[in-house]
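Source file: start-v4.tsv. Holds: TSV, C-alpha atoms.
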chain	number	residue	atom	x	y	z
Q	2	MET	CA	-49.17	-1.53	-121.59
Q	3	ASN	CA	-45.44	-1.95	-121.09
Q	4	ILE	CA	-43.37	-1.86	-117.90
Q	5	GLU	CA	-42.15	1.71	-118.53
Q	6	THR	CA	-45.76	2.92	-118.66
Q	7	VAL	CA	-46.51	1.03	-115.45
Q	8	ASN	CA	-43.48	2.55	-113.72
Q	9	GLU	CA	-44.58	6.04	-114.82
Q	10	LEU	CA	-48.10	5.38	-113.54
Q	11	ILE	CA	-46.77	4.23	-110.17
Q	12	GLN	CA	-44.52	7.31	-109.86
Q	13	SER	CA	-47.37	9.61	-110.82
Q	14	LEU	CA	-49.81	8.08	-108.35
Q	15	GLU	CA	-47.28	7.92	-105.50
Q	16	SER	CA	-46.37	11.58	-105.93
Q	17	ALA	CA	-50.00	12.71	-106.19
Q	18	GLY	CA	-50.58	12.77	-102.43
Q	19	GLU	CA	-53.97	11.59	-101.21
Q	20	LEU	CA	-55.53	9.13	-103.65
Q	21	SER	CA	-59.13	8.28	-104.34
Q	22	ILE	CA	-60.22	4.68	-103.81
Q	23	ARG	CA	-60.11	4.15	-107.56
Q	24	GLU	CA	-56.57	5.56	-107.78
Q	25	GLN	CA	-55.50	3.36	-104.87
Q	26	LYS	CA	-56.81	0.33	-106.77
Q	27	PHE	CA	-54.90	1.41	-109.88
Q	28	LEU	CA	-51.74	1.80	-107.82
Q	29	LYS	CA	-52.16	-1.64	-106.25
Q	30	LEU	CA	-52.77	-3.21	-109.66
Q	31	ALA	CA	-49.79	-1.42	-111.22
Q	32	LYS	CA	-47.50	-2.60	-108.41
Q	33	ALA	CA	-48.74	-6.18	-108.84
Q	34	TYR	CA	-48.05	-5.89	-112.59
Q	35	GLN	CA	-44.56	-4.57	-111.80
Q	36	GLN	CA	-43.85	-7.51	-109.46
Q	37	LEU	CA	-45.19	-9.99	-112.00
Q	38	ALA	CA	-42.97	-8.51	-114.71
Q	39	ALA	CA	-39.92	-8.77	-112.42
Q	40	GLU	CA	-40.70	-12.42	-111.70
Q	41	ASN	CA	-41.04	-13.19	-115.37
Q	42	VAL	CA	-37.70	-11.49	-116.13
Q	43	ALA	CA	-36.13	-13.87	-113.60
Q	44	LEU	CA	-37.82	-16.82	-115.28
Q	45	LYS	CA	-36.65	-15.72	-118.72
Q	46	SER	CA	-33.06	-15.32	-117.54
Q	47	PHE	CA	-33.05	-18.96	-116.48
Q	48	GLY	CA	-32.53	-19.93	-120.12
Q	49	ASP	CA	-29.34	-17.86	-120.18
Q	50	LYS	CA	-28.10	-19.68	-117.08
Q	51	LEU	CA	-28.71	-23.04	-118.73
Q	52	ASN	CA	-26.94	-21.85	-121.87
Q	53	ASP	CA	-23.92	-20.76	-119.86
Q	54	MET	CA	-23.81	-24.13	-118.11
Q	55	HIS	CA	-24.02	-25.94	-121.42
Q	56	ASN	CA	-21.24	-23.83	-122.95
Q	57	GLU	CA	-18.97	-24.63	-120.02
Q	58	LEU	CA	-19.17	-28.33	-120.87
Q	59	ASN	CA	-16.65	-29.19	-123.56
Q	60	GLY	CA	-14.68	-32.08	-124.92
Q	61	GLU	CA	-15.55	-35.32	-126.58
Q	62	GLY	CA	-14.06	-38.70	-126.28
Q	63	THR	CA	-14.46	-42.25	-125.26
Q	64	GLY	CA	-13.36	-44.20	-122.26
Q	65	ILE	CA	-12.47	-42.20	-119.17
Q	66	GLN	CA	-13.04	-38.86	-120.88
Q	67	GLY	CA	-16.47	-39.97	-122.14
Q	68	ARG	CA	-17.47	-41.09	-118.66
Q	69	ALA	CA	-16.20	-37.79	-117.27
Q	70	GLU	CA	-18.40	-35.94	-119.75
Q	71	VAL	CA	-21.45	-37.88	-118.62
Q	72	ALA	CA	-20.61	-37.09	-114.99
Q	73	CYS	CA	-20.22	-33.40	-115.87
Q	74	GLN	CA	-23.53	-33.39	-117.70
Q	75	LYS	CA	-25.25	-34.94	-114.68
Q	76	VAL	CA	-23.73	-32.31	-112.40
Q	77	ALA	CA	-24.81	-29.56	-114.81
Q	78	LEU	CA	-28.33	-30.94	-114.97
Q	79	GLU	CA	-28.54	-31.12	-111.17
Q	80	ALA	CA	-27.29	-27.55	-110.93
Q	81	ALA	CA	-29.88	-26.46	-113.49
Q	82	MET	CA	-32.65	-28.07	-111.47
Q	83	GLU	CA	-31.41	-26.40	-108.29
Q	84	GLU	CA	-31.44	-23.03	-110.06
Q	85	PHE	CA	-34.94	-23.69	-111.34
Q	86	ASP	CA	-36.18	-24.72	-107.89
Q	87	ALA	CA	-34.71	-21.52	-106.44
Q	88	ILE	CA	-36.92	-19.31	-108.62
Q	89	GLU	CA	-39.77	-17.93	-106.54
Q	90	THR	CA	-42.89	-16.41	-108.07
Q	91	PRO	CA	-45.20	-15.44	-105.19
Q	92	VAL	CA	-47.13	-12.83	-107.19
Q	93	THR	CA	-47.66	-15.21	-110.09
Q	94	ASP	CA	-48.68	-17.94	-107.64
Q	95	ARG	CA	-51.24	-15.59	-106.02
Q	96	ILE	CA	-52.68	-14.60	-109.40
Q	97	VAL	CA	-52.99	-18.22	-110.50
Q	98	ALA	CA	-54.49	-19.25	-107.14
Q	99	GLU	CA	-57.05	-16.44	-107.39
Q	100	ALA	CA	-58.05	-17.51	-110.91
Q	101	GLU	CA	-58.38	-21.13	-109.78
Q	102	ALA	CA	-60.40	-20.10	-106.72
Q	103	ARG	CA	-62.79	-18.07	-108.87
Q	104	GLY	CA	-63.36	-21.11	-111.07
Q	105	VAL	CA	-64.12	-23.29	-108.06
Q	106	GLU	CA	-66.47	-20.60	-106.71
Q	107	LYS	CA	-68.35	-20.65	-110.01
Q	108	LEU	CA	-68.85	-24.38	-109.48
Q	109	ALA	CA	-70.13	-23.67	-105.96
Q	110	MET	CA	-72.60	-21.10	-107.34
Q	111	ARG	CA	-73.90	-23.64	-109.87
Q	112	ARG	CA	-74.29	-26.28	-107.16
Q	113	ARG	CA	-76.21	-23.80	-104.98
Q	114	ALA	CA	-78.46	-22.87	-107.92
Q	115	ALA	CA	-79.11	-26.55	-108.62
Q	116	ALA	CA	-79.84	-27.10	-104.92
Q	117	LYS	CA	-82.42	-24.30	-105.00
Q	118	VAL	CA	-84.09	-25.83	-108.05
Q	119	ALA	CA	-84.10	-29.27	-106.41
Q	120	LEU	CA	-85.86	-27.88	-103.38
Q	121	ASP	CA	-88.15	-25.23	-104.91
Q	122	GLU	CA	-89.28	-27.05	-108.03
Q	123	PHE	CA	-89.04	-30.71	-107.07
Q	124	ASN	CA	-89.17	-30.62	-103.26
Q	125	ASP	CA	-86.17	-32.97	-103.37
Q	126	VAL	CA	-84.66	-32.43	-99.93
Q	127	LYS	CA	-82.05	-35.18	-100.28
Q	128	ASN	CA	-80.65	-33.85	-103.58
Q	129	HIS	CA	-80.85	-30.29	-102.22
Q	130	SER	CA	-78.79	-31.28	-99.20
Q	131	GLU	CA	-76.17	-33.10	-101.30
Q	132	LEU	CA	-75.82	-30.14	-103.69
Q	133	GLU	CA	-75.50	-27.69	-100.80
Q	134	SER	CA	-72.80	-29.91	-99.30
Q	135	GLU	CA	-70.91	-29.94	-102.61
Q	136	ALA	CA	-71.16	-26.15	-102.80
Q	137	TRP	CA	-69.83	-25.78	-99.27
Q	138	ARG	CA	-66.87	-28.11	-99.99
Q	139	ALA	CA	-66.11	-26.16	-103.18
Q	140	GLU	CA	-66.10	-22.88	-101.23
Q	141	MET	CA	-63.75	-24.37	-98.64
Q	142	PHE	CA	-61.45	-25.57	-101.43
Q	143	ALA	CA	-61.49	-22.09	-103.03
Q	144	ALA	CA	-60.40	-20.63	-99.70
Q	145	GLN	CA	-57.59	-23.20	-99.47
Q	146	LEU	CA	-56.43	-22.28	-102.99
Q	147	ARG	CA	-56.22	-18.63	-102.00
Q	148	GLU	CA	-54.17	-19.58	-98.92
Q	149	GLY	CA	-51.86	-21.75	-101.01
Q	150	ALA	CA	-52.88	-25.00	-99.33
Q	151	GLY	CA	-55.00	-26.39	-102.17
Q	152	LYS	CA	-52.12	-27.61	-104.33
Could you quickly redo this structure as structure tokens?
Amino acid sequence: MNIETVNELIQSLESAGELSIREQKFLKLAKAYQQLAAENVALKSFGDKLNDMHNELNGEGTGIQGRAEVACQKVALEAAMEEFDAIETPVTDRIVAEAEARGVEKLAMRRRAAAKVALDEFNDVKNHSELESEAWRAEMFAAQLREGAGK
């Protein structure tokens, strides 16, 4: 699916009037895809900015001119890093955080399953308690990832 198709889908759904729950989910997903695509366009254009900076540096030489070139290159590199740091990708960050949180929740589910086995099959209360504690900590960490605090 390309961005034009997504834009058409969004237009179609927004002009349809009242939407079913399924259509509302499609609209939300399409808008997230649209935002993600816009963020990635910004990331891709960063290479062009670096190219422009590089092309603005010219001249070769030794002595004072050579030192001036090094100073210019340092300034250009600092400017490139500032540009890079200015790029914001909140939608991408949310998608990545959600994927990470789901992975941590899978760990929590496995710990809970192991805790159940420890208690039901082996009557191992101590191991059950430790596994339940691990599962709880994993769930708390998953919540932190979703809030952006787990990095």
message = Nearest residue to Pro91 (chain Q) out of Q:Met141, Q:Val118, Q:Ala38, Q:Val71, using all atoms listed in the file?
response =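 Counting all atoms listed in the file, the residue closest to Pro91 (chain Q) is Q:Ala38.
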message = Neighbouring residues of Asn3 (chain Q) were defined as those with any atom within 10 Å, considering all atoms listed in the file; residues of the same chain fewer than 3 positions away were excluded. Please report them as a list of chain:residue names.
response = Q:Thr6, Q:Val7, Q:Asn8, Q:Tyr34, Q:Gln35, Q:Ala38
task = Measure the distance from CA of Ala80 (chain Q) to CA of Gln36 (chain Q) in Å and round it to one decimal.
result =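 Between CA of Ala80 (chain Q) and CA of Gln36 (chain Q) the gap works out to 26.0 Å.
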ask   = Hey, can you check how far CA of Glu148 (chain Q) sits from CA of Arg111 (chain Q)?
value = 22.9 Å
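Counting from CA of Ala98 (chain Q), the distance to CA of Asp86 (chain Q) is 19.1 Å.
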